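As stored in coords.cif (mmCIF, C-alpha atoms and all ligand atoms):
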data_my_file
loop_
_atom_site.group_PDB
_atom_site.id
_atom_site.type_symbol
_atom_site.label_atom_id
_atom_site.label_comp_id
_atom_site.auth_asym_id
_atom_site.auth_seq_id
_atom_site.Cartn_x
_atom_site.Cartn_y
_atom_site.Cartn_z
ATOM 1 C CA MET W 21 25.235 0.675 -2.332
ATOM 2 C CA LYS W 22 24.766 -1.159 -5.619
ATOM 3 C CA PHE W 23 21.037 -0.615 -5.198
ATOM 4 C CA LEU W 24 21.503 3.133 -4.676
ATOM 5 C CA LYS W 25 23.828 3.492 -7.647
ATOM 6 C CA LYS W 26 21.320 1.715 -9.847
ATOM 7 C CA LEU W 27 18.460 3.808 -8.544
ATOM 8 C CA PHE W 28 20.053 7.160 -9.128
ATOM 9 C CA ALA W 29 22.034 6.297 -12.252
ATOM 10 C CA PRO W 30 21.235 8.491 -15.237
ATOM 11 C CA GLY W 31 18.476 6.812 -17.211
ATOM 12 C CA PRO W 32 18.208 6.329 -20.940
ATOM 13 C CA ALA W 33 17.628 9.396 -23.121
ATOM 14 C CA LYS W 34 14.385 11.062 -22.024
ATOM 15 C CA ALA W 35 11.307 9.647 -23.720
ATOM 16 C CA ARG W 36 9.069 12.051 -25.587
ATOM 17 C CA PRO W 37 6.025 13.420 -23.780
ATOM 18 C CA VAL W 38 2.871 11.530 -24.645
ATOM 19 C CA ASP W 39 -0.419 13.065 -25.687
ATOM 20 C CA VAL W 40 -2.557 10.658 -23.664
ATOM 21 C CA LYS W 41 -5.814 11.747 -25.300
ATOM 22 C CA LYS W 42 -4.422 10.765 -28.693
ATOM 23 C CA ARG W 43 -2.557 7.657 -27.627
ATOM 24 C CA PHE W 44 -5.286 6.135 -25.409
ATOM 25 C CA GLU W 45 -8.974 5.586 -25.893
ATOM 26 C CA LEU W 46 -10.299 6.720 -22.529
ATOM 27 C CA ILE W 47 -13.193 4.367 -21.827
ATOM 28 C CA GLY W 48 -14.193 5.687 -18.423
ATOM 29 C CA ARG W 49 -12.934 7.119 -15.159
ATOM 30 C CA VAL W 50 -12.470 4.416 -12.509
ATOM 31 C CA GLY W 51 -11.040 6.296 -9.653
ATOM 32 C CA GLN W 52 -10.387 9.664 -8.218
ATOM 33 C CA GLY W 53 -7.463 9.263 -5.888
ATOM 34 C CA SER W 54 -6.305 12.194 -3.805
ATOM 35 C CA MET W 55 -3.281 12.635 -6.097
ATOM 36 C CA SER W 56 -4.464 11.518 -9.522
ATOM 37 C CA LYS W 57 -7.125 10.556 -12.012
ATOM 38 C CA VAL W 58 -7.362 6.958 -13.182
ATOM 39 C CA TRP W 59 -9.061 5.757 -16.374
ATOM 40 C CA ARG W 60 -9.973 2.431 -17.836
ATOM 41 C CA ALA W 61 -8.414 2.875 -21.271
ATOM 42 C CA ARG W 62 -7.328 1.100 -24.424
ATOM 43 C CA ASP W 63 -3.763 1.582 -25.600
ATOM 44 C CA SER W 64 -3.904 2.293 -29.333
ATOM 45 C CA MET W 65 -0.315 1.060 -29.742
ATOM 46 C CA SER W 66 -0.848 -2.393 -28.233
ATOM 47 C CA GLY W 67 -4.649 -2.603 -28.503
ATOM 48 C CA LYS W 68 -4.670 -3.770 -24.865
ATOM 49 C CA PRO W 69 -6.981 -2.634 -22.054
ATOM 50 C CA VAL W 70 -5.005 -0.761 -19.403
ATOM 51 C CA ALA W 71 -5.393 1.458 -16.377
ATOM 52 C CA LEU W 72 -4.041 4.934 -17.088
ATOM 53 C CA LYS W 73 -3.092 6.999 -14.058
ATOM 54 C CA VAL W 74 -2.298 10.694 -14.533
ATOM 55 C CA LEU W 75 -0.868 12.444 -11.498
ATOM 56 C CA ASP W 76 -2.074 15.915 -10.555
ATOM 57 C CA LYS W 77 0.810 18.289 -11.251
ATOM 58 C CA ALA W 78 0.256 20.771 -8.433
ATOM 59 C CA LYS W 79 -0.369 18.089 -5.797
ATOM 60 C CA THR W 80 2.672 16.089 -6.890
ATOM 61 C CA ALA W 81 4.836 19.224 -6.710
ATOM 62 C CA ARG W 82 3.545 19.899 -3.175
ATOM 63 C CA LEU W 83 4.417 16.339 -2.134
ATOM 64 C CA GLU W 84 7.879 16.554 -3.685
ATOM 65 C CA LYS W 85 8.573 19.690 -1.636
ATOM 66 C CA ARG W 86 8.384 17.523 1.466
ATOM 67 C CA PHE W 87 11.283 15.416 0.188
ATOM 68 C CA VAL W 88 13.352 18.277 -1.143
ATOM 69 C CA GLY W 89 17.062 17.465 -1.422
ATOM 70 C CA LEU W 90 16.455 13.742 -0.991
ATOM 71 C CA ASN W 91 16.102 12.814 -4.657
ATOM 72 C CA ARG W 92 13.049 10.623 -4.071
ATOM 73 C CA PRO W 93 12.325 8.433 -7.104
ATOM 74 C CA PRO W 94 8.975 9.295 -8.706
ATOM 75 C CA GLU W 95 6.071 6.827 -8.505
ATOM 76 C CA GLY W 96 6.562 5.599 -12.084
ATOM 77 C CA VAL W 97 10.238 4.772 -11.505
ATOM 78 C CA VAL W 98 9.378 2.759 -8.392
ATOM 79 C CA ALA W 99 6.365 1.005 -9.929
ATOM 80 C CA ILE W 100 7.980 -0.040 -13.211
ATOM 81 C CA GLY W 101 10.566 -2.176 -11.388
ATOM 82 C CA LEU W 102 8.096 -4.152 -9.274
ATOM 83 C CA ARG W 103 7.344 -7.750 -10.287
ATOM 84 C CA HIS W 104 5.159 -9.654 -7.869
ATOM 85 C CA PRO W 105 1.835 -11.465 -8.248
ATOM 86 C CA ASN W 106 0.314 -9.282 -5.499
ATOM 87 C CA ILE W 107 1.530 -5.984 -6.935
ATOM 88 C CA VAL W 108 -0.148 -4.353 -9.916
ATOM 89 C CA ARG W 109 2.060 -4.582 -12.993
ATOM 90 C CA THR W 110 3.155 -1.224 -14.426
ATOM 91 C CA HIS W 111 3.966 -1.380 -18.138
ATOM 92 C CA GLU W 112 5.129 2.162 -18.805
ATOM 93 C CA HIS W 113 5.577 5.576 -17.233
ATOM 94 C CA GLY W 114 6.501 8.995 -18.463
ATOM 95 C CA LEU W 115 5.329 12.568 -18.905
ATOM 96 C CA THR W 116 2.237 13.769 -20.743
ATOM 97 C CA THR W 117 2.381 16.696 -23.171
ATOM 98 C CA ASP W 118 0.894 18.751 -20.304
ATOM 99 C CA GLY W 119 3.877 17.900 -18.114
ATOM 100 C CA GLU W 120 2.026 15.478 -15.822
ATOM 101 C CA GLN W 121 3.464 12.131 -14.756
ATOM 102 C CA TYR W 122 1.532 9.157 -16.079
ATOM 103 C CA LEU W 123 1.593 5.404 -15.466
ATOM 104 C CA VAL W 124 0.170 2.654 -17.674
ATOM 105 C CA MET W 125 -0.795 -0.410 -15.657
ATOM 106 C CA GLU W 126 -2.552 -3.720 -16.055
ATOM 107 C CA PHE W 127 -6.240 -3.123 -15.424
ATOM 108 C CA VAL W 128 -7.314 -5.028 -12.318
ATOM 109 C CA GLU W 129 -10.924 -6.187 -12.576
ATOM 110 C CA GLY W 130 -12.109 -6.356 -9.003
ATOM 111 C CA VAL W 131 -13.222 -4.364 -5.972
ATOM 112 C CA GLY W 132 -11.403 -2.151 -3.537
ATOM 113 C CA LEU W 133 -10.424 -3.775 -0.254
ATOM 114 C CA SER W 134 -12.197 -0.859 1.506
ATOM 115 C CA TYR W 135 -15.464 -2.054 -0.026
ATOM 116 C CA LEU W 136 -14.928 -5.602 1.268
ATOM 117 C CA VAL W 137 -13.926 -4.322 4.717
ATOM 118 C CA ASP W 138 -17.147 -2.377 4.832
ATOM 119 C CA ARG W 139 -19.393 -5.131 3.503
ATOM 120 C CA GLN W 140 -18.001 -7.998 5.630
ATOM 121 C CA ASN W 141 -19.843 -10.370 3.308
ATOM 122 C CA GLU W 142 -19.362 -14.128 3.015
ATOM 123 C CA ARG W 143 -16.561 -13.620 0.482
ATOM 124 C CA MET W 144 -14.647 -11.421 2.923
ATOM 125 C CA LYS W 145 -15.255 -13.698 5.901
ATOM 126 C CA THR W 146 -14.093 -16.798 4.012
ATOM 127 C CA ASN W 147 -10.994 -15.202 2.488
ATOM 128 C CA CYS W 148 -9.902 -12.663 5.097
ATOM 129 C CA LEU W 149 -6.814 -14.552 6.246
ATOM 130 C CA TRP W 150 -5.877 -15.491 2.681
ATOM 131 C CA TYR W 151 -6.142 -11.841 1.595
ATOM 132 C CA ALA W 152 -4.019 -10.803 4.594
ATOM 133 C CA VAL W 153 -1.326 -13.329 3.663
ATOM 134 C CA GLN W 154 -1.231 -12.123 0.048
ATOM 135 C CA LEU W 155 -0.937 -8.515 1.147
ATOM 136 C CA GLY W 156 1.902 -9.469 3.490
ATOM 137 C CA GLU W 157 3.707 -11.186 0.595
ATOM 138 C CA ALA W 158 3.509 -7.965 -1.433
ATOM 139 C CA LEU W 159 4.907 -5.976 1.469
ATOM 140 C CA ASP W 160 7.670 -8.513 2.099
ATOM 141 C CA TYR W 161 8.654 -8.171 -1.571
ATOM 142 C CA LEU W 162 8.870 -4.376 -1.239
ATOM 143 C CA HIS W 163 10.958 -4.626 1.919
ATOM 144 C CA ARG W 164 13.309 -7.198 0.366
ATOM 145 C CA HIS W 165 13.854 -4.717 -2.439
ATOM 146 C CA GLN W 166 14.672 -1.949 0.035
ATOM 147 C CA TRP W 167 11.502 0.086 -0.284
ATOM 148 C CA ILE W 168 9.235 1.434 2.441
ATOM 149 C CA HIS W 169 5.636 1.796 1.247
ATOM 150 C CA ARG W 170 4.490 4.431 3.775
ATOM 151 C CA ASP W 171 0.818 4.336 2.794
ATOM 152 C CA LEU W 172 -0.456 0.820 3.245
ATOM 153 C CA CYS W 173 -4.223 0.906 3.816
ATOM 154 C CA PRO W 174 -7.350 -0.684 2.242
ATOM 155 C CA ARG W 175 -7.746 2.301 -0.118
ATOM 156 C CA ASN W 176 -4.566 1.260 -1.913
ATOM 157 C CA ILE W 177 -5.503 -2.374 -2.427
ATOM 158 C CA ILE W 178 -7.750 -4.044 -5.009
ATOM 159 C CA VAL W 179 -8.989 -7.639 -4.730
ATOM 160 C CA SER W 180 -9.401 -9.133 -8.184
ATOM 161 C CA ASP W 181 -12.391 -11.170 -9.285
ATOM 162 C CA GLU W 182 -10.129 -14.237 -8.844
ATOM 163 C CA ASP W 183 -9.408 -13.285 -5.212
ATOM 164 C CA VAL W 184 -5.885 -12.103 -5.962
ATOM 165 C CA VAL W 185 -4.844 -9.158 -3.797
ATOM 166 C CA LYS W 186 -3.104 -6.343 -5.704
ATOM 167 C CA LEU W 187 -1.288 -3.437 -4.115
ATOM 168 C CA ILE W 188 -1.895 -0.525 -6.512
ATOM 169 C CA ASP W 189 -0.426 2.735 -5.248
ATOM 170 C CA PHE W 190 3.268 3.614 -4.833
ATOM 171 C CA GLY W 191 2.935 7.381 -4.587
ATOM 172 C CA LEU W 192 4.621 7.650 -1.183
ATOM 173 C CA VAL W 193 7.193 4.875 -1.478
ATOM 174 C CA VAL W 194 10.716 5.793 -0.358
ATOM 175 C CA PRO W 195 14.018 3.931 -0.482
ATOM 176 C CA ASN W 196 14.909 2.283 2.830
ATOM 177 C CA THR W 197 18.097 4.315 3.234
ATOM 178 C CA PRO W 198 19.376 6.517 6.102
ATOM 179 C CA PRO W 199 18.238 9.888 4.639
ATOM 180 C CA PHE W 200 14.678 8.605 4.247
ATOM 181 C CA ARG W 201 14.675 6.972 7.698
ATOM 182 C CA ALA W 202 15.683 10.218 9.399
ATOM 183 C CA PRO W 203 13.003 11.997 11.473
ATOM 184 C CA GLY W 204 10.992 14.260 9.246
ATOM 185 C CA ASN W 205 7.755 14.558 7.381
ATOM 186 C CA ARG W 206 4.557 12.732 8.245
ATOM 187 C CA THR W 207 3.225 11.677 4.860
ATOM 188 C CA GLY W 208 0.701 8.848 4.843
ATOM 189 C CA THR W 209 -2.846 8.161 6.012
ATOM 190 C CA ALA W 210 -3.319 9.227 9.631
ATOM 191 C CA SER W 211 -5.210 6.211 11.033
ATOM 192 C CA TYR W 212 -2.608 3.787 9.653
ATOM 193 C CA MET W 213 0.491 5.719 10.695
ATOM 194 C CA ALA W 214 2.912 4.211 13.172
ATOM 195 C CA PRO W 215 3.430 6.169 16.412
ATOM 196 C CA GLU W 216 7.115 6.837 15.642
ATOM 197 C CA LEU W 217 6.091 8.453 12.354
ATOM 198 C CA ILE W 218 3.459 10.588 14.040
ATOM 199 C CA LYS W 219 5.952 11.633 16.713
ATOM 200 C CA ARG W 220 8.443 12.514 13.966
ATOM 201 C CA LEU W 221 11.053 10.062 15.280
ATOM 202 C CA ALA W 222 13.385 7.978 13.127
ATOM 203 C CA THR W 223 11.496 5.394 11.049
ATOM 204 C CA ASP W 224 12.227 2.215 9.132
ATOM 205 C CA GLU W 225 10.262 -0.562 7.428
ATOM 206 C CA ARG W 226 8.495 -1.340 10.709
ATOM 207 C CA ILE W 227 6.149 1.614 10.042
ATOM 208 C CA ASP W 228 4.720 -0.553 7.233
ATOM 209 C CA ILE W 229 4.341 -3.495 9.628
ATOM 210 C CA PHE W 230 2.199 -1.241 11.815
ATOM 211 C CA SER W 231 0.047 -0.104 8.841
ATOM 212 C CA TYR W 232 -0.254 -3.722 7.712
ATOM 213 C CA ALA W 233 -1.452 -4.754 11.189
ATOM 214 C CA VAL W 234 -4.024 -1.893 11.234
ATOM 215 C CA THR W 235 -5.250 -2.987 7.797
ATOM 216 C CA VAL W 236 -5.558 -6.653 8.794
ATOM 217 C CA PHE W 237 -7.259 -5.661 12.062
ATOM 218 C CA GLU W 238 -9.813 -3.709 10.033
ATOM 219 C CA MET W 239 -10.269 -6.574 7.583
ATOM 220 C CA PHE W 240 -11.350 -8.827 10.450
ATOM 221 C CA ALA W 241 -13.192 -6.308 12.615
ATOM 222 C CA LYS W 242 -14.546 -3.710 10.144
ATOM 223 C CA GLN W 243 -13.306 -1.174 12.698
ATOM 224 C CA LEU W 244 -9.966 0.451 13.357
ATOM 225 C CA PRO W 245 -7.932 -0.580 16.430
ATOM 226 C CA TRP W 246 -8.561 2.797 18.062
ATOM 227 C CA LYS W 247 -12.071 4.080 18.452
ATOM 228 C CA THR W 248 -12.561 7.566 17.151
ATOM 229 C CA ASP W 249 -15.607 9.713 16.565
ATOM 230 C CA GLN W 250 -13.685 11.948 14.249
ATOM 231 C CA ALA W 251 -12.498 11.581 10.696
ATOM 232 C CA ASP W 252 -9.099 10.274 9.715
ATOM 233 C CA THR W 253 -7.065 13.251 10.928
ATOM 234 C CA MET W 254 -3.764 13.718 12.682
ATOM 235 C CA GLU W 255 -5.596 15.452 15.572
ATOM 236 C CA SER W 256 -7.766 12.419 16.290
ATOM 237 C CA VAL W 257 -4.799 10.053 16.017
ATOM 238 C CA LEU W 258 -2.764 12.188 18.418
ATOM 239 C CA GLN W 259 -5.517 11.747 21.008
ATOM 240 C CA HIS W 260 -5.031 7.983 21.229
ATOM 241 C CA ILE W 261 -1.394 7.585 20.321
ATOM 242 C CA ASN W 262 -0.381 6.527 23.828
ATOM 243 C CA THR W 263 -3.373 4.344 24.630
ATOM 244 C CA PRO W 264 -3.389 0.616 23.862
ATOM 245 C CA PRO W 265 -5.414 -0.613 20.857
ATOM 246 C CA ARG W 266 -8.677 -2.463 21.362
ATOM 247 C CA ASP W 267 -8.344 -6.232 21.602
ATOM 248 C CA LEU W 268 -9.165 -7.895 18.269
ATOM 249 C CA LYS W 269 -10.207 -11.065 20.136
ATOM 250 C CA LYS W 270 -12.885 -9.141 22.000
ATOM 251 C CA LEU W 271 -14.144 -7.293 18.934
ATOM 252 C CA VAL W 272 -14.369 -10.440 16.798
ATOM 253 C CA PRO W 273 -15.466 -13.184 19.200
ATOM 254 C CA GLY W 274 -14.974 -16.140 16.814
ATOM 255 C CA ILE W 275 -11.480 -15.191 15.704
ATOM 256 C CA ASP W 276 -8.653 -17.682 16.150
ATOM 257 C CA GLU W 277 -6.542 -16.711 19.186
ATOM 258 C CA GLN W 278 -3.220 -17.069 17.396
ATOM 259 C CA VAL W 279 -4.378 -14.966 14.425
ATOM 260 C CA ALA W 280 -5.556 -12.238 16.795
ATOM 261 C CA ALA W 281 -2.260 -12.354 18.725
ATOM 262 C CA THR W 282 -0.258 -12.106 15.477
ATOM 263 C CA VAL W 283 -2.146 -8.965 14.421
ATOM 264 C CA MET W 284 -1.956 -7.353 17.885
ATOM 265 C CA LYS W 285 1.847 -7.781 17.944
ATOM 266 C CA GLY W 286 2.049 -5.747 14.738
ATOM 267 C CA LEU W 287 0.274 -2.873 16.509
ATOM 268 C CA ALA W 288 2.812 -2.447 19.314
ATOM 269 C CA ASN W 289 3.502 1.198 20.080
ATOM 270 C CA ASP W 290 7.262 0.664 20.285
ATOM 271 C CA PRO W 291 8.630 -0.721 16.993
ATOM 272 C CA ARG W 292 10.983 -2.989 18.998
ATOM 273 C CA ASP W 293 7.927 -4.812 20.358
ATOM 274 C CA ARG W 294 6.470 -5.366 16.867
ATOM 275 C CA TRP W 295 7.306 -8.180 14.467
ATOM 276 C CA PRO W 296 10.929 -7.491 13.466
ATOM 277 C CA THR W 297 10.128 -8.257 9.815
ATOM 278 C CA VAL W 298 6.935 -8.556 7.826
ATOM 279 C CA ARG W 299 8.220 -11.975 6.654
ATOM 280 C CA LYS W 300 7.944 -13.275 10.222
ATOM 281 C CA MET W 301 4.429 -11.864 10.617
ATOM 282 C CA VAL W 302 3.223 -13.365 7.330
ATOM 283 C CA ASP W 303 4.793 -16.730 8.128
ATOM 284 C CA ASP W 304 2.921 -16.706 11.424
ATOM 285 C CA LEU W 305 -0.371 -15.879 9.667
ATOM 286 C CA LYS W 306 0.369 -18.595 7.101
ATOM 287 C CA ALA W 307 0.967 -21.181 9.821
ATOM 288 C CA SER W 308 -2.434 -20.305 11.313
ATOM 289 C CA GLY W 309 -4.003 -20.403 7.857
ATOM 290 C CA ARG W 310 -2.694 -23.917 7.237
ATOM 291 C CA ARG W 311 -3.784 -25.130 10.666
ATOM 292 C CA LEU W 312 -7.277 -23.696 10.102
ATOM 293 C CA ASN W 313 -7.399 -24.892 6.497
ATOM 294 C CA LEU W 314 -8.022 -21.355 5.233
ATOM 295 C CA LEU W 315 -5.350 -21.188 2.539
ATOM 296 C CA PRO W 316 -5.419 -22.632 -0.983
ATOM 297 C CA ALA W 317 -3.987 -26.181 -1.147
ATOM 298 C CA ASP W 318 -0.618 -25.134 -2.641
ATOM 299 C CA GLU W 319 0.120 -22.436 -0.040
HETATM 300 N N1 LIG W 401 -4.440 -0.807 -12.080
HETATM 301 C C1 LIG W 401 -5.678 -0.472 -11.728
HETATM 302 N N2 LIG W 401 -6.735 -1.207 -12.148
HETATM 303 C C2 LIG W 401 -8.003 -0.841 -11.820
HETATM 304 N N3 LIG W 401 -8.313 0.241 -11.063
HETATM 305 C C3 LIG W 401 -7.311 1.001 -10.605
HETATM 306 C C4 LIG W 401 -5.948 0.692 -10.912
HETATM 307 N N4 LIG W 401 -5.165 1.636 -10.330
HETATM 308 C C5 LIG W 401 -5.982 2.475 -9.685
HETATM 309 N N5 LIG W 401 -7.276 2.111 -9.835
HETATM 310 C C6 LIG W 401 -8.465 2.819 -9.281
HETATM 311 O O1 LIG W 401 -8.151 4.191 -9.125
HETATM 312 C C7 LIG W 401 -8.246 4.596 -7.737
HETATM 313 C C8 LIG W 401 -7.148 5.606 -7.403
HETATM 314 O O2 LIG W 401 -5.879 5.011 -7.621
HETATM 315 P P1 LIG W 401 -4.617 5.299 -6.695
HETATM 316 O O3 LIG W 401 -4.886 4.885 -5.277
HETATM 317 O O4 LIG W 401 -3.428 4.683 -7.338
HETATM 318 O O5 LIG W 401 -4.581 6.901 -6.819
HETATM 319 P P2 LIG W 401 -3.977 8.007 -5.845
HETATM 320 O O6 LIG W 401 -4.307 9.335 -6.429
HETATM 321 O O7 LIG W 401 -2.548 7.702 -5.599
HETATM 322 O O8 LIG W 401 -4.848 7.764 -4.591
HETATM 323 P P3 LIG W 401 -4.624 8.091 -3.053
HETATM 324 O O9 LIG W 401 -3.451 9.002 -2.960
HETATM 325 O O10 LIG W 401 -5.920 8.707 -2.666
HETATM 326 O O11 LIG W 401 -4.396 6.739 -2.438
HETATM 327 C C9 LIG W 401 -8.148 3.289 -6.969
HETATM 328 O O12 LIG W 401 -8.815 3.365 -5.742
HETATM 329 C C10 LIG W 401 -8.827 2.300 -7.908
HETATM 330 O O13 LIG W 401 -10.232 2.380 -7.787
#
Can you turn what I pasted into structure tokens?
Ligand SMILES: Nc1ncnc2c1ncn2[C@@H]1O[C@H](COP(=O)(O)OP(=O)(O)OP(=O)(O)O)[C@@H](O)[C@H]1O
Amino acid sequence: MKFLKKLFAPGPAKARPVDVKKRFELIGRVGQGSMSKVWRARDSMSGKPVALKVLDKAKTARLEKRFVGLNRPPEGVVAIGLRHPNIVRTHEHGLTTDGEQYLVMEFVEGVGLSYLVDRQNERMKTNCLWYAVQLGEALDYLHRHQWIHRDLCPRNIIVSDEDVVKLIDFGLVVPNTPPFRAPGNRTGTASYMAPELIKRLATDERIDIFSYAVTVFEMFAKQLPWKTDQADTMESVLQHINTPPRDLKKLVPGIDEQVAATVMKGLANDPRDRWPTVRKMVDDLKASGRRLNLLPADE
């Protein structure tokens, strides 16, 4: 309850809207997400390089309609409170003079996890398990702080030049409270959505465990657990929702049996058959990592 009170307590007096074009030197666009524009920028107040994310007003309003009456905290409010080495640090959030939400973040120099999944280069092969563990730590942090991410997938993850995994997008995060766990909308990315979410049943943090397992499966195999000729749509996902996933061990012949089994358990159709917590799944991956000598010495 304390958490809820804090979350919905009236905030400090509203900050003034910011004219981002005046305040920031926009060096170049780095990303076009489906909901926003992101720039590499320099903050004229601090002189520091930052990532500036400006959310599309119309698209954000459409998304908010899906949570009407639930008082969902906006992305900036969620992001500003997160402090974890595997979560991008948000320094500031607010409204632009055009009425758009903006976030100022640390700029992560690196590549998208989607790129590494696709390339399957030496770097990816050597670090795959280590990246998976780091991502799991970020998710465990979110769950311990009573959030459900709802959109975990390679598109929302950057791997820094120092091989540090950073979760970057909190646009669909919801509090892990009864109103948000009730059956309802299907926001997220279709191929990573848990069956209970697709079937519009009650959900909880185990939907993230499913998305995490799909992501890790893809990191090892380059392919999704379910074969599909079609794009990432709800229709194609509905076609395979009741069929078992492909066996990671068969798709990636050299993979360690325990690692493969850990990932497959995260993909169980019934959430009760999945890992009960992401902590348990990450600890299992970590134990394999230590046995196989695939983690840094201090892990
Ligand atoms: N802090 C950051 N540092 C460097 N690049 C970033 C940062 N944040 C975002 N980006 C880049 O901007 C892109 C879009 O960001 P993000 O995923 O947060 O936007 P979005 O509109 O919520 O996207 P979507 O809804 O499609 O997932 C990312 O894929 C990444 O390339």
Specify the axis-aligned box that encloses all atoms of ligand LIG 401 (chain W) listed in the file after padding of 5 Å on each side, stating its centre and edge lengths in Å to one decimal as lines of an AutoDock Vina configuration file.
center_x = -6.4
center_y = 4.1
center_z = -7.3
size_x = 17.7
size_y = 20.5
size_z = 19.7
- Task: Decode the PyMOL selection byres (((chain W and resi 248) around 12) and not hetatm) for the given file into explicit residues and return them as a PyMOL selection string.
- Result: chain W and resi 211+243-247+249-261+265-266
- Item | Residues within 10 Å of region 54-65 of chain W, all atoms listed in the file, excluding chain neighbours under 3 positions, as number ranges by chain | W: 40, 42-51, 68-80, 83, 120-128, 191
Using only C-alpha atoms, please write the residues we just selected to a file, as a tab-separated table (two decimals), in the frame of the given file.
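Resulting contents of selection_36.tsv:
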chain	number	residue	atom	x	y	z
W	40	VAL	CA	-2.56	10.66	-23.66
W	42	LYS	CA	-4.42	10.76	-28.69
W	43	ARG	CA	-2.56	7.66	-27.63
W	44	PHE	CA	-5.29	6.14	-25.41
W	45	GLU	CA	-8.97	5.59	-25.89
W	46	LEU	CA	-10.30	6.72	-22.53
W	47	ILE	CA	-13.19	4.37	-21.83
W	48	GLY	CA	-14.19	5.69	-18.42
W	49	ARG	CA	-12.93	7.12	-15.16
W	50	VAL	CA	-12.47	4.42	-12.51
W	51	GLY	CA	-11.04	6.30	-9.65
W	68	LYS	CA	-4.67	-3.77	-24.86
W	69	PRO	CA	-6.98	-2.63	-22.05
W	70	VAL	CA	-5.00	-0.76	-19.40
W	71	ALA	CA	-5.39	1.46	-16.38
W	72	LEU	CA	-4.04	4.93	-17.09
W	73	LYS	CA	-3.09	7.00	-14.06
W	74	VAL	CA	-2.30	10.69	-14.53
W	75	LEU	CA	-0.87	12.44	-11.50
W	76	ASP	CA	-2.07	15.92	-10.56
W	77	LYS	CA	0.81	18.29	-11.25
W	78	ALA	CA	0.26	20.77	-8.43
W	79	LYS	CA	-0.37	18.09	-5.80
W	80	THR	CA	2.67	16.09	-6.89
W	83	LEU	CA	4.42	16.34	-2.13
W	120	GLU	CA	2.03	15.48	-15.82
W	121	GLN	CA	3.46	12.13	-14.76
W	122	TYR	CA	1.53	9.16	-16.08
W	123	LEU	CA	1.59	5.40	-15.47
W	124	VAL	CA	0.17	2.65	-17.67
W	125	MET	CA	-0.80	-0.41	-15.66
W	126	GLU	CA	-2.55	-3.72	-16.06
W	127	PHE	CA	-6.24	-3.12	-15.42
W	128	VAL	CA	-7.31	-5.03	-12.32
W	191	GLY	CA	2.94	7.38	-4.59
- Query: Do you know which residues the PyMOL selection byres (((chain W and resi 289) around 8) and not hetatm) returns on this file, as a VMD selection string?
  - Reply: chain W and resid 214 to 215 262 264 287 to 288 290 to 291 293 to 294
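For the choices W:Tyr135, W:Tyr232, W:Trp167, W:Tyr161, the atom-to-atom distance to ligand LIG 401 (chain W) is smallest for W:Tyr135 when using all atoms listed in the file.
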- Hey, what comes out of the PyMOL selection byres (((chain W and resi 99) around 10) and not hetatm) on this file? Could you write it as a ChimeraX atom specification? /W:93-98,100-103,107-113,123,125,188-191,193
Extract region 275-286 of chain W from the coordinates I pasted, and write it as a short mmCIF file (atom, residue, chain, number, x, y, z; two decimals), in the first residue's frame (atoms kept: N, CA and C atoms).
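And here's decode-v6.cif as it stands now:
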data_model
loop_
_atom_site.label_atom_id
_atom_site.label_comp_id
_atom_site.auth_asym_id
_atom_site.auth_seq_id
_atom_site.Cartn_x
_atom_site.Cartn_y
_atom_site.Cartn_z
N ILE W 275 24.29 -26.29 -27.67
CA ILE W 275 23.90 -25.58 -26.44
C ILE W 275 23.93 -26.51 -25.22
N ASP W 276 24.30 -25.96 -24.08
CA ASP W 276 24.31 -26.72 -22.84
C ASP W 276 22.88 -27.16 -22.51
N GLU W 277 22.74 -28.43 -22.09
CA GLU W 277 21.39 -28.98 -21.86
C GLU W 277 20.64 -28.24 -20.77
N GLN W 278 21.35 -27.88 -19.70
CA GLN W 278 20.69 -27.20 -18.58
C GLN W 278 20.23 -25.80 -19.00
N VAL W 279 21.08 -25.10 -19.77
CA VAL W 279 20.70 -23.76 -20.23
C VAL W 279 19.44 -23.86 -21.08
N ALA W 280 19.43 -24.82 -21.99
CA ALA W 280 18.26 -24.99 -22.87
C ALA W 280 17.01 -25.30 -22.03
N ALA W 281 17.17 -26.17 -21.03
CA ALA W 281 16.01 -26.55 -20.19
C ALA W 281 15.51 -25.33 -19.41
N THR W 282 16.43 -24.50 -18.93
CA THR W 282 16.03 -23.31 -18.17
C THR W 282 15.18 -22.38 -19.04
N VAL W 283 15.61 -22.18 -20.28
CA VAL W 283 14.88 -21.28 -21.19
C VAL W 283 13.51 -21.90 -21.53
N MET W 284 13.49 -23.20 -21.83
CA MET W 284 12.23 -23.84 -22.24
C MET W 284 11.18 -23.75 -21.11
N LYS W 285 11.63 -23.85 -19.86
CA LYS W 285 10.68 -23.76 -18.74
C LYS W 285 10.01 -22.37 -18.68
N GLY W 286 10.74 -21.37 -19.13
CA GLY W 286 10.16 -20.01 -19.14
C GLY W 286 9.08 -19.86 -20.21
#
